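Visitor: Below is the file model-v3.cif, which contains mmCIF, C-alpha atoms.
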```cif
data_data
#
loop_
_atom_site.label_atom_id
_atom_site.label_comp_id
_atom_site.auth_asym_id
_atom_site.auth_seq_id
_atom_site.Cartn_x
_atom_site.Cartn_y
_atom_site.Cartn_z
CA MET A 1 -64.55 -13.53 29.56
CA ASN A 2 -66.14 -10.53 27.88
CA PHE A 3 -65.93 -6.91 29.05
CA SER A 4 -69.18 -6.97 31.08
CA GLU A 5 -68.10 -10.17 32.87
CA CYS A 6 -64.73 -8.57 33.53
CA GLU A 7 -66.33 -5.40 34.81
CA SER A 8 -68.55 -7.25 37.29
CA THR A 9 -65.63 -9.43 38.43
CA TRP A 10 -63.31 -6.46 38.91
CA HIS A 11 -66.04 -4.21 40.34
CA GLY A 12 -65.89 -1.65 37.55
CA SER A 13 -62.12 -1.34 37.43
CA GLU A 14 -61.63 -0.20 33.84
CA GLY A 15 -57.84 -0.58 33.85
CA ALA A 16 -58.02 -4.18 35.07
CA CYS A 17 -60.61 -4.99 32.41
CA GLN A 18 -58.53 -3.40 29.65
CA ASN A 19 -55.54 -5.47 30.81
CA ALA A 20 -57.70 -8.61 30.80
CA ALA A 21 -58.99 -7.75 27.31
CA ALA A 22 -55.44 -7.15 26.04
CA SER A 23 -54.34 -10.45 27.54
CA MET A 24 -57.22 -12.27 25.82
CA GLU A 25 -56.27 -10.63 22.50
CA GLU A 26 -52.65 -11.74 22.95
CA ARG A 27 -53.78 -15.31 23.61
CA ARG A 28 -56.01 -15.23 20.52
CA ILE A 29 -53.09 -14.05 18.37
CA ILE A 30 -50.82 -16.77 19.79
CA LEU A 31 -53.37 -19.40 18.76
CA MET A 32 -53.54 -18.11 15.20
CA SER A 33 -51.77 -20.06 12.47
CA GLU A 34 -48.75 -18.53 10.77
CA HIS A 35 -50.86 -17.85 7.66
CA GLU A 36 -53.53 -16.13 9.76
CA LYS A 37 -50.91 -13.99 11.49
CA LEU A 38 -49.38 -12.97 8.17
CA LEU A 39 -52.80 -12.30 6.65
CA PHE A 40 -53.62 -10.09 9.65
CA ARG A 41 -50.35 -8.16 9.21
CA ILE A 42 -50.94 -7.68 5.48
CA LEU A 43 -54.54 -6.55 5.96
CA ARG A 44 -53.59 -4.23 8.82
CA GLY A 45 -51.23 -2.41 6.42
CA THR A 46 -48.90 -0.98 9.04
CA SER A 47 -45.81 -3.06 8.28
CA ASP A 48 -45.72 -3.56 4.50
CA ALA A 49 -41.91 -3.27 4.47
CA ASN A 50 -41.58 -6.11 7.00
CA ILE A 51 -43.48 -8.92 5.28
CA PRO A 52 -41.32 -11.96 4.45
CA PHE A 53 -41.50 -12.79 0.75
CA ASP A 54 -41.60 -16.57 1.31
CA GLY A 55 -44.39 -16.14 3.84
CA MET A 56 -46.43 -14.11 1.36
CA ARG A 57 -45.85 -16.76 -1.32
CA SER A 58 -47.02 -19.47 1.05
CA LEU A 59 -50.09 -17.43 2.04
CA LEU A 60 -51.06 -16.87 -1.60
CA ARG A 61 -50.73 -20.60 -2.35
CA SER A 62 -52.90 -21.40 0.69
CA LEU A 63 -55.53 -19.01 -0.70
CA GLY A 64 -55.67 -21.08 -3.89
CA PHE A 65 -53.30 -19.16 -6.15
CA GLN A 66 -51.19 -21.07 -8.64
CA GLU A 67 -47.52 -20.05 -8.77
CA ARG A 68 -45.17 -20.13 -11.72
CA PHE A 69 -41.70 -18.70 -12.18
CA ARG A 70 -40.02 -16.56 -14.79
CA GLY A 71 -36.50 -15.81 -13.64
CA SER A 72 -36.70 -14.15 -10.24
CA HIS A 73 -40.37 -13.27 -10.79
CA HIS A 74 -43.10 -15.29 -9.10
CA ILE A 75 -46.36 -15.06 -11.02
CA PHE A 76 -49.60 -15.89 -9.20
CA THR A 77 -52.95 -16.55 -10.81
CA LYS A 78 -56.25 -17.77 -9.44
CA GLU A 79 -59.45 -18.76 -11.18
CA GLY A 80 -62.01 -16.04 -10.58
CA VAL A 81 -59.35 -13.39 -9.94
CA GLU A 82 -58.87 -11.05 -12.89
CA GLU A 83 -55.52 -9.64 -11.84
CA ILE A 84 -52.20 -11.44 -12.18
CA LEU A 85 -49.72 -10.88 -9.36
CA ASN A 86 -46.12 -10.57 -10.55
CA LEU A 87 -43.96 -10.55 -7.42
CA GLN A 88 -40.23 -10.31 -6.91
CA PRO A 89 -38.39 -10.30 -3.56
CA LYS A 90 -36.14 -7.52 -2.33
CA ASP A 91 -32.60 -8.32 -1.26
CA GLY A 92 -32.85 -9.77 2.24
CA GLY A 93 -35.90 -11.92 1.52
CA MET A 94 -38.59 -9.35 2.21
CA ALA A 95 -41.55 -8.51 -0.01
CA LYS A 96 -41.64 -5.14 -1.74
CA SER A 97 -44.04 -2.73 -0.03
CA TYR A 98 -45.97 -1.84 -3.18
CA GLN A 99 -46.44 -5.55 -3.94
CA VAL A 100 -47.76 -6.20 -0.40
CA LYS A 101 -50.25 -3.40 -1.08
CA GLN A 102 -51.30 -5.09 -4.36
CA VAL A 103 -51.80 -8.40 -2.54
CA ARG A 104 -53.86 -6.65 0.17
CA GLN A 105 -56.08 -4.98 -2.44
CA ILE A 106 -56.78 -8.32 -4.15
CA ILE A 107 -57.50 -10.11 -0.85
CA ILE A 108 -59.99 -7.38 0.04
CA LYS A 109 -61.53 -7.07 -3.43
CA TYR A 110 -62.19 -10.80 -3.76
CA ARG A 111 -62.84 -11.37 -0.04
CA LEU A 112 -60.16 -14.01 0.24
CA GLY A 113 -58.75 -15.29 3.49
CA GLY A 114 -61.87 -15.89 5.55
CA GLN A 115 -60.44 -19.34 5.99
CA GLU A 116 -57.53 -21.13 4.40
CA GLN A 117 -58.67 -22.28 0.98
CA ASN A 118 -56.14 -24.90 -0.13
CA GLY A 119 -56.64 -25.57 -3.80
CA GLN A 120 -59.96 -23.73 -4.06
#
```
Show me, as C-alpha cells, the structure contained in the file I just sent.
Guide:
Amino acid sequence: MNFSECESTWHGSEGACQNAAASMEERRIILMSEHEKLLFRILRGTSDANIPFDGMRSLLRSLGFQERFRGSHHIFTKEGVEEILNLQPKDGGMAKSYQVKQVRQIIIKYRLGGQEQNGQ
C-alpha cells in the first residue's frame, strides 16, 4: 500500500498513514538479508562504532573482495578497485570507526552493493 492508497483508505488521516508507512518500512527491513542490513547501516553512517568486524568482513567477501591475513590485519583487494583495505578489529570484535568510513567511501565510489556479488 502506497501513501495515496493509505490516504484514501484512512480518509486523509495523516498520522494513520505515517504509522502504516513506518510499519511497511519495518517489514521491508525485516525481510532484508543480514548483508543488506549491514550494508544499509554502513552506508547510513550513523553507527560506525557499532559495526561488527566479522560482519564487515563477510560483507566485503560477498561484494567480491579477496581477503588475506598478515597477523591481526585483514587485507582486502578486489579487481577494479584501486584501493587496498587494511582492516584490524578493535577489542570486543567491533570494526574501527575510521575503517568503516573507508569501507563506505569505497562502496560508494565503486557503486558496490546494489546486489550481492559473490565472486564478481
Visitor: Which residues come within 9 Å of Ile51 in chain A, counting only C-alpha atoms, excluding same-chain residues fewer than 5 positions away, as a PyMOL selection string?
Guide: chain A and resi 38+41-42+56+93-97+100
Visitor: To one decimal place in Å, what is the distance between CA of Met32 in chain A and CA of Leu59 in chain A?
Guide: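 Between CA of Met32 in chain A and CA of Leu59 in chain A the gap works out to 13.6 Å.
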Visitor: Can you work out the spacing between CA of Glu67 in chain A and CA of Ala49 in chain A in Å, to one decimal?
Guide: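 Taking CA of Glu67 in chain A and CA of Ala49 in chain A, their separation equals 22.1 Å.
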Visitor: Each side padded by 6 Å, which centre and which edge lengths in Å (one decimal) define the axis-aligned box around the listed atoms of range 82-93 of chain A? Give them as JSON.
Guide:
```
{"center_x": -45.7, "center_y": -9.7, "center_z": -5.3, "size_x": 38.3, "size_y": 16.4, "size_z": 27.1}
```
Visitor: Let me make sure I understand: among A:Lys90, A:Arg104, A:Lys109, A:Arg57, which one has the smallest atom-to-atom distance to Phe69 in chain A if we use only C-alpha atoms?
Guide: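 Counting only C-alpha atoms, the residue closest to Phe69 in chain A is A:Arg57.
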Visitor: To one decimal place in Å, what is the distance between CA of Phe76 in chain A and CA of Pro89 in chain A?
Guide: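 These atoms are spaced 13.7 Å apart.
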